[in-house]
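As provided, run.csv (CSV, C-alpha atoms) reads as follows.
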chain,number,residue,atom,x,y,z
K,222,MET,CA,80.3,96.2,108.8
K,223,THR,CA,77.3,98.2,107.6
K,224,GLU,CA,76.0,98.4,111.2
K,225,TYR,CA,79.4,99.6,112.3
K,226,PHE,CA,79.3,102.5,109.9
K,227,LEU,CA,75.6,103.3,110.4
K,228,ALA,CA,76.1,103.5,114.1
K,229,LYS,CA,78.4,106.5,113.7
K,230,TYR,CA,75.9,108.5,111.6
K,231,ASN,CA,76.9,111.8,113.3
K,232,PHE,CA,80.4,111.5,112.0
K,233,TRP,CA,79.1,110.9,108.4
K,234,ILE,CA,76.9,114.0,108.6
K,235,TYR,CA,80.0,115.9,110.0
K,236,VAL,CA,82.0,115.0,106.9
K,237,VAL,CA,79.1,116.0,104.6
K,238,LEU,CA,78.7,119.4,106.4
K,239,MET,CA,82.5,120.0,106.4
K,240,MET,CA,82.6,119.4,102.6
K,241,ILE,CA,79.7,121.7,102.0
K,242,GLY,CA,81.5,124.4,104.0
K,243,LEU,CA,84.7,123.8,102.1
K,244,TYR,CA,83.0,123.9,98.8
K,245,ALA,CA,81.3,127.2,99.7
K,246,MET,CA,84.6,128.7,100.8
K,247,MET,CA,86.5,127.6,97.6
K,248,GLY,CA,83.9,127.3,94.9
K,249,LYS,CA,81.6,130.3,95.5
K,250,ARG,CA,82.6,133.7,94.2
K,251,ASN,CA,80.5,135.9,96.5
K,252,LEU,CA,82.4,136.8,99.7
K,253,VAL,CA,79.3,136.6,101.9
K,254,LYS,CA,78.7,133.1,100.6
K,255,LYS,CA,82.3,132.2,101.5
K,256,LEU,CA,81.7,133.5,105.0
K,257,ILE,CA,78.5,131.4,105.3
K,258,GLY,CA,80.6,128.4,104.2
K,259,MET,CA,83.2,129.2,106.9
K,260,ASN,CA,80.4,129.3,109.5
K,261,ILE,CA,79.1,125.9,108.4
K,262,PHE,CA,82.6,124.5,108.5
K,263,GLN,CA,83.1,125.7,112.1
K,264,THR,CA,79.8,124.3,113.3
K,265,SER,CA,80.6,121.0,111.7
K,266,ILE,CA,83.8,120.7,113.7
K,267,ILE,CA,81.9,121.6,116.8
K,268,LEU,CA,79.5,118.8,115.9
K,269,LEU,CA,82.4,116.4,115.6
K,270,PHE,CA,83.7,117.2,119.1
K,271,VAL,CA,80.2,117.1,120.8
K,272,SER,CA,79.6,113.8,119.1
K,273,ALA,CA,82.8,112.5,120.6
K,274,GLY,CA,81.5,113.2,124.1
K,275,VAL,CA,78.2,111.2,123.6
K,276,LYS,CA,77.9,107.9,125.5
K,277,LYS,CA,75.3,105.2,124.7
K,278,GLY,CA,73.2,103.5,127.4
K,279,GLY,CA,71.3,106.2,129.2
K,280,ALA,CA,74.0,108.7,130.0
K,281,THR,CA,72.7,112.1,130.8
K,282,VAL,CA,74.0,115.7,131.2
K,283,PRO,CA,76.9,116.0,133.5
K,284,ILE,CA,75.1,117.3,136.6
K,285,LEU,CA,75.6,115.2,139.8
K,286,ARG,CA,72.4,113.5,141.0
K,287,HIS,CA,73.5,113.0,144.6
K,288,SER,CA,74.3,115.9,146.9
K,289,ASP,CA,76.2,113.6,149.3
K,290,TYR,CA,78.8,112.4,146.8
K,291,GLY,CA,81.5,112.8,149.4
K,292,SER,CA,80.4,109.8,151.4
K,293,VAL,CA,82.3,106.6,151.0
K,294,HIS,CA,79.3,104.2,150.8
K,295,ALA,CA,79.3,102.1,147.6
K,296,GLU,CA,75.8,103.1,146.6
K,297,HIS,CA,76.7,106.8,146.5
K,298,LEU,CA,79.8,106.5,144.4
K,299,ILE,CA,79.7,108.3,141.1
K,300,ARG,CA,79.5,106.1,138.1
K,301,VAL,CA,81.3,107.7,135.2
K,302,ALA,CA,79.1,105.7,132.7
K,303,ASP,CA,76.0,107.6,133.9
K,304,TYR,CA,77.3,111.0,132.7
K,305,LEU,CA,78.4,112.4,129.4
K,306,ASN,CA,81.9,113.5,128.9
K,307,PRO,CA,81.8,117.3,129.6
K,308,LEU,CA,85.4,118.1,128.4
K,309,PRO,CA,84.5,118.4,124.6
K,310,HIS,CA,81.5,120.6,125.5
K,311,VAL,CA,83.7,123.0,127.4
K,312,LEU,CA,86.3,123.1,124.6
K,313,MET,CA,83.6,123.8,122.1
K,314,LEU,CA,82.2,126.8,124.1
K,315,THR,CA,85.5,128.5,123.4
K,316,ALA,CA,85.2,127.5,119.7
K,317,ILE,CA,81.8,129.1,119.4
K,318,VAL,CA,83.1,132.4,120.9
K,319,VAL,CA,86.1,132.3,118.5
K,320,SER,CA,83.8,131.7,115.6
K,321,ILE,CA,81.6,134.7,116.3
K,322,ALA,CA,84.7,136.9,116.7
K,323,THR,CA,86.1,135.8,113.3
K,324,THR,CA,82.7,136.3,111.7
K,325,GLY,CA,82.5,139.9,113.1
K,326,VAL,CA,86.0,140.8,111.9
K,327,ALA,CA,85.2,139.2,108.5
K,328,LEU,CA,82.0,141.2,108.1
K,329,ALA,CA,83.7,144.4,109.0
K,330,THR,CA,86.4,143.6,106.3
K,331,LEU,CA,83.6,142.9,103.8
K,332,ILE,CA,82.0,146.3,104.4
K,333,LEU,CA,85.4,147.9,103.8
K,334,ILE,CA,85.9,145.9,100.6
K,335,TYR,CA,82.4,146.9,99.4
K,336,LYS,CA,83.2,150.6,100.1
K,337,ARG,CA,86.4,150.4,98.1
K,338,TYR,CA,85.4,148.2,95.1
K,339,ASN,CA,81.6,148.6,95.2
K,340,THR,CA,81.1,144.9,94.7
K,341,LEU,CA,81.4,141.7,96.7
K,342,GLU,CA,82.1,139.3,93.8
K,343,GLU,CA,85.6,137.9,93.8
K,344,ASP,CA,86.0,137.9,90.0
K,345,GLU,CA,84.9,141.5,89.7
K,346,ILE,CA,87.3,142.6,92.5
K,347,MET,CA,90.1,140.8,90.8
K,348,ALA,CA,89.3,142.5,87.4
K,349,ILE,CA,89.3,145.9,89.1
K,350,ARG,CA,92.6,145.2,90.7
K,351,LYS,CA,94.1,144.0,87.4
K,352,ASP,CA,93.0,147.2,85.7
K,353,ILE,CA,94.5,149.3,88.5
K,354,ARG,CA,97.8,147.4,88.3
K,355,SER,CA,98.1,148.0,84.6
K,356,TYR,CA,97.3,151.8,85.0
K,357,LYS,CA,93.9,151.6,83.2
K,358,THR,CA,90.8,153.2,84.4
K,359,PRO,CA,89.0,150.7,86.6
K,360,ARG,CA,85.9,149.1,85.2
K,361,ILE,CA,83.5,150.7,87.7
K,362,LEU,CA,84.6,154.2,86.7
K,363,ARG,CA,84.4,153.4,83.0
K,364,SER,CA,80.8,152.2,83.2
K,365,LYS,CA,79.8,155.4,85.0
K,366,ASP,CA,81.3,157.7,82.3
J,196,MET,CA,69.9,110.0,122.5
J,197,ILE,CA,66.8,109.2,120.4
J,198,TRP,CA,68.1,108.2,117.1
J,199,GLN,CA,65.0,108.9,115.1
J,200,LEU,CA,64.9,112.5,116.2
J,201,ASP,CA,68.7,112.6,115.6
J,202,ILE,CA,68.3,111.5,112.0
J,203,VAL,CA,65.5,114.0,111.3
J,204,LEU,CA,67.5,116.9,112.8
J,205,LEU,CA,70.6,115.9,110.8
J,206,ILE,CA,68.7,115.7,107.6
J,207,PHE,CA,67.2,119.2,108.2
J,208,ILE,CA,70.7,120.5,109.0
J,209,VAL,CA,72.1,119.2,105.7
J,210,ILE,CA,69.1,120.6,103.8
J,211,CYS,CA,69.6,124.0,105.5
J,212,ALA,CA,73.3,124.0,104.8
J,213,ILE,CA,72.8,123.2,101.1
J,214,ALA,CA,70.1,125.8,100.8
J,215,ALA,CA,72.1,128.5,102.5
J,216,ILE,CA,75.0,128.3,100.0
J,217,ASN,CA,72.7,127.9,97.0
J,218,ILE,CA,70.2,130.8,97.4
J,219,LYS,CA,71.1,133.9,95.3
J,220,ASP,CA,69.4,136.3,97.6
J,221,LEU,CA,71.9,136.9,100.4
J,222,MET,CA,69.3,138.0,103.0
J,223,GLY,CA,67.5,134.7,102.5
J,224,ALA,CA,70.8,132.8,102.7
J,225,VAL,CA,71.6,134.5,106.0
J,226,ILE,CA,68.1,133.7,107.5
J,227,ILE,CA,68.5,130.1,106.4
J,228,LEU,CA,71.9,130.1,108.1
J,229,GLY,CA,70.1,131.2,111.3
J,230,ALA,CA,67.7,128.3,110.9
J,231,TYR,CA,70.7,126.0,110.5
J,232,SER,CA,72.2,127.3,113.7
J,233,PHE,CA,68.9,126.7,115.6
J,234,PHE,CA,68.6,123.1,114.2
J,235,MET,CA,72.2,122.6,115.3
J,236,CYS,CA,71.4,123.8,118.8
J,237,LEU,CA,68.4,121.5,119.0
J,238,LEU,CA,70.7,118.6,118.0
J,239,TRP,CA,73.1,119.5,120.7
J,240,THR,CA,70.4,119.7,123.3
J,241,GLU,CA,69.3,116.3,122.2
J,242,MET,CA,72.8,115.0,122.5
J,243,GLY,CA,73.1,116.3,126.1
J,244,ALA,CA,75.4,119.2,125.4
J,245,VAL,CA,73.1,121.8,126.9
J,246,ASP,CA,75.8,124.4,127.6
J,247,VAL,CA,77.0,124.3,124.0
J,248,ALA,CA,73.4,124.5,122.9
J,249,PHE,CA,72.4,127.6,124.6
J,250,THR,CA,75.6,129.3,123.7
J,251,GLU,CA,75.0,128.4,120.1
J,252,ALA,CA,71.4,129.7,120.3
J,253,ALA,CA,72.5,133.0,121.8
J,254,VAL,CA,75.7,133.6,120.0
J,255,GLY,CA,75.6,131.5,116.8
J,256,ALA,CA,72.0,132.0,115.9
J,257,GLY,CA,71.3,135.3,117.5
J,258,ILE,CA,74.3,137.7,117.3
J,259,SER,CA,75.8,136.1,114.2
J,260,THR,CA,72.5,136.5,112.3
J,261,VAL,CA,72.1,140.1,113.4
J,262,LEU,CA,75.7,140.9,112.3
J,263,PHE,CA,75.1,139.2,109.0
J,264,ILE,CA,71.9,141.1,108.4
J,265,ALA,CA,73.5,144.4,109.2
J,266,ALA,CA,76.4,143.7,106.9
J,267,VAL,CA,74.1,142.6,104.0
J,268,ASN,CA,72.0,145.7,104.5
J,269,LYS,CA,75.1,147.9,104.2
J,270,THR,CA,76.4,146.1,101.1
J,271,ALA,CA,74.9,144.3,98.1
J,272,ARG,CA,71.9,142.0,98.6
J,273,ARG,CA,72.1,140.1,95.3
J,274,SER,CA,74.8,137.5,94.6
J,275,LYS,CA,75.8,136.0,91.2
J,276,ASP,CA,76.1,132.5,92.4

What would you get if you wrote out this structure as structure tokens?
Amino acid sequence: MTEYFLAKYNFWIYVVLMMIGLYAMMGKRNLVKKLIGMNIFQTSIILLFVSAGVKKGGATVPILRHSDYGSVHAEHLIRVADYLNPLPHVLMLTAIVVSIATTGVALATLILIYKRYNTLEEDEIMAIRKDIRSYKTPRILRSKD
Amino acid sequence: MIWQLDIVLLIFIVICAIAAINIKDLMGAVIILGAYSFFMCLLWTEMGAVDVAFTEAAVGAGISTVLFIAAVNKTARRSKD
């Protein structure tokens, strides 16, 4: 039983990384920290999918060794067990591009938030918004007077 | 897959992830996130996913770190937690 769980160590680390990312997204107050947590979360999911494509027993990268794979002789047949499963890799290429796109949009939004509220801390932004909603002078302006 | 190298890389990845969300200086946190991405790309090379590895090295560790540094430069560098 212990061996069975230890053999899948990639998946345990995947769970740990995912929980670190989730904690950073929910527990941290700074918005950049939340974004870093989101990045860690995304890479952990990519790690899960790439780990699913790994095969034990000397399987290598999915590049064909024989140029004459079209021949019908038995010694030239492609053995699937010799190559890794490339399907999760290709799916995860899309995931990486999507992750950089979301990061870029989120950083642009962060710059706009900073220009408007002059802070990136979630609790301070909430306090300013509360002041504005109850028709009080926002905290930033009060401290400058 | 060499499992010793795998374990070492995974431990470094977890250390980098914990450090990236705990450092109060945002610039340092972003640089450690870049190191995290490079360790991740080493791990994927070692697992045989070379295409994912070089995309992660170029996009995840390169462009993402540059965007983060630009954004941190334009906003506040200190964080409260």

So how many Å separate CA of Pro283 in chain K and CA of Ser320 in chain K, to one decimal?
-> 24.8 Å

Within 8 Å of chain K: residues of chain J, using only C-alpha atoms, as a ChimeraX atom specification = /J:196,205,209,212-213,215-216,221,225,228,239,242-247,250-251,254-255,258-259,262-263,266,269-271,274-276

Interatomic distance (Å, one decimal) between CA of Gly257 in chain J and CA of Cys236 in chain J = 11.6 Å

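Counting from CA of Ala230 in chain J, the distance to CA of Val261 in chain J is 12.8 Å.
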
If you count all atoms listed in the file, the residue of J:Ala252, J:Ile208, J:Ile226, J:Val267 closest to Thr240 in chain J turns out to be J:Ala252

Go through J:Met222, J:Leu204, J:Ala253, J:Ile210 and flag the residue nearest Leu237 in chain J, using only C-alpha atoms for the distances.
-> J:Leu204

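Considering the residues J:Ala265, J:Thr260, J:Ser232, J:Lys219 and counting all atoms listed in the file, Ala248 in chain J has its shortest atom-to-atom contact with J:Ser232.
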
Since fewer atoms than expected are present, regenerate N, CA and C atoms for range 204-236 of chain J and write them as an mmCIF file, in the coordinates of the input.
data_model
loop_
_atom_site.group_PDB
_atom_site.id
_atom_site.type_symbol
_atom_site.label_atom_id
_atom_site.label_comp_id
_atom_site.auth_asym_id
_atom_site.auth_seq_id
_atom_site.Cartn_x
_atom_site.Cartn_y
_atom_site.Cartn_z
ATOM 1 N N LEU J 204 66.775 115.610 112.595
ATOM 2 C CA LEU J 204 67.500 116.900 112.800
ATOM 3 C C LEU J 204 68.695 116.974 111.846
ATOM 4 N N LEU J 205 69.430 115.862 111.707
ATOM 5 C CA LEU J 205 70.600 115.900 110.800
ATOM 6 C C LEU J 205 70.232 116.130 109.392
ATOM 7 N N ILE J 206 69.105 115.524 108.959
ATOM 8 C CA ILE J 206 68.700 115.700 107.600
ATOM 9 C C ILE J 206 68.279 117.208 107.376
ATOM 10 N N PHE J 207 67.551 117.774 108.353
ATOM 11 C CA PHE J 207 67.200 119.200 108.200
ATOM 12 C C PHE J 207 68.443 120.071 108.198
ATOM 13 N N ILE J 208 69.457 119.708 108.989
ATOM 14 C CA ILE J 208 70.700 120.500 109.000
ATOM 15 C C ILE J 208 71.368 120.479 107.647
ATOM 16 N N VAL J 209 71.445 119.293 107.033
ATOM 17 C CA VAL J 209 72.100 119.200 105.700
ATOM 18 C C VAL J 209 71.300 120.002 104.684
ATOM 19 N N ILE J 210 69.948 119.894 104.746
ATOM 20 C CA ILE J 210 69.100 120.600 103.800
ATOM 21 C C ILE J 210 69.356 122.148 103.967
ATOM 22 N N CYS J 211 69.383 122.606 105.230
ATOM 23 C CA CYS J 211 69.600 124.000 105.500
ATOM 24 C C CYS J 211 70.967 124.480 104.996
ATOM 25 N N ALA J 212 71.992 123.645 105.196
ATOM 26 C CA ALA J 212 73.300 124.000 104.800
ATOM 27 C C ALA J 212 73.401 124.156 103.248
ATOM 28 N N ILE J 213 72.799 123.187 102.541
ATOM 29 C CA ILE J 213 72.800 123.200 101.100
ATOM 30 C C ILE J 213 72.040 124.432 100.570
ATOM 31 N N ALA J 214 70.881 124.698 101.205
ATOM 32 C CA ALA J 214 70.100 125.800 100.800
ATOM 33 C C ALA J 214 70.793 127.147 101.034
ATOM 34 N N ALA J 215 71.495 127.242 102.173
ATOM 35 C CA ALA J 215 72.100 128.500 102.500
ATOM 36 C C ALA J 215 73.229 128.882 101.537
ATOM 37 N N ILE J 216 73.927 127.889 100.963
ATOM 38 C CA ILE J 216 75.000 128.300 100.000
ATOM 39 C C ILE J 216 74.487 128.325 98.597
ATOM 40 N N ASN J 217 73.210 127.951 98.342
ATOM 41 C CA ASN J 217 72.700 127.900 97.000
ATOM 42 C C ASN J 217 71.785 129.090 96.628
ATOM 43 N N ILE J 218 71.203 129.733 97.653
ATOM 44 C CA ILE J 218 70.200 130.800 97.400
ATOM 45 C C ILE J 218 70.969 132.036 96.889
ATOM 46 N N LYS J 219 70.411 132.691 95.852
ATOM 47 C CA LYS J 219 71.100 133.900 95.300
ATOM 48 C C LYS J 219 70.829 135.116 96.094
ATOM 49 N N ASP J 220 69.685 135.165 96.774
ATOM 50 C CA ASP J 220 69.400 136.300 97.600
ATOM 51 C C ASP J 220 70.152 136.161 98.939
ATOM 52 N N LEU J 221 71.065 137.097 99.211
ATOM 53 C CA LEU J 221 71.900 136.900 100.400
ATOM 54 C C LEU J 221 71.159 137.024 101.692
ATOM 55 N N MET J 222 70.104 137.877 101.722
ATOM 56 C CA MET J 222 69.300 138.000 103.000
ATOM 57 C C MET J 222 68.665 136.639 103.286
ATOM 58 N N GLY J 223 68.098 135.992 102.265
ATOM 59 C CA GLY J 223 67.500 134.700 102.500
ATOM 60 C C GLY J 223 68.532 133.665 102.936
ATOM 61 N N ALA J 224 69.718 133.717 102.346
ATOM 62 C CA ALA J 224 70.800 132.800 102.700
ATOM 63 C C ALA J 224 71.151 132.960 104.194
ATOM 64 N N VAL J 225 71.204 134.231 104.637
ATOM 65 C CA VAL J 225 71.600 134.500 106.000
ATOM 66 C C VAL J 225 70.497 133.986 106.979
ATOM 67 N N ILE J 226 69.224 134.193 106.609
ATOM 68 C CA ILE J 226 68.100 133.700 107.500
ATOM 69 C C ILE J 226 68.167 132.192 107.544
ATOM 70 N N ILE J 227 68.452 131.529 106.418
ATOM 71 C CA ILE J 227 68.500 130.100 106.400
ATOM 72 C C ILE J 227 69.720 129.609 107.265
ATOM 73 N N LEU J 228 70.795 130.403 107.257
ATOM 74 C CA LEU J 228 71.900 130.100 108.100
ATOM 75 C C LEU J 228 71.519 130.149 109.604
ATOM 76 N N GLY J 229 70.654 131.125 109.934
ATOM 77 C CA GLY J 229 70.100 131.200 111.300
ATOM 78 C C GLY J 229 69.315 129.980 111.655
ATOM 79 N N ALA J 230 68.470 129.531 110.707
ATOM 80 C CA ALA J 230 67.700 128.300 110.900
ATOM 81 C C ALA J 230 68.599 127.114 111.120
ATOM 82 N N TYR J 231 69.671 127.058 110.321
ATOM 83 C CA TYR J 231 70.700 126.000 110.500
ATOM 84 C C TYR J 231 71.268 125.990 111.871
ATOM 85 N N SER J 232 71.597 127.187 112.380
ATOM 86 C CA SER J 232 72.200 127.300 113.700
ATOM 87 C C SER J 232 71.182 126.788 114.771
ATOM 88 N N PHE J 233 69.888 127.128 114.587
ATOM 89 C CA PHE J 233 68.900 126.700 115.600
ATOM 90 C C PHE J 233 68.710 125.176 115.525
ATOM 91 N N PHE J 234 68.723 124.593 114.315
ATOM 92 C CA PHE J 234 68.600 123.100 114.200
ATOM 93 C C PHE J 234 69.842 122.483 114.897
ATOM 94 N N MET J 235 71.015 123.090 114.685
ATOM 95 C CA MET J 235 72.200 122.600 115.300
ATOM 96 C C MET J 235 72.087 122.613 116.820
ATOM 97 N N CYS J 236 71.510 123.701 117.342
ATOM 98 C CA CYS J 236 71.400 123.800 118.800
ATOM 99 C C CYS J 236 70.376 122.826 119.341
#
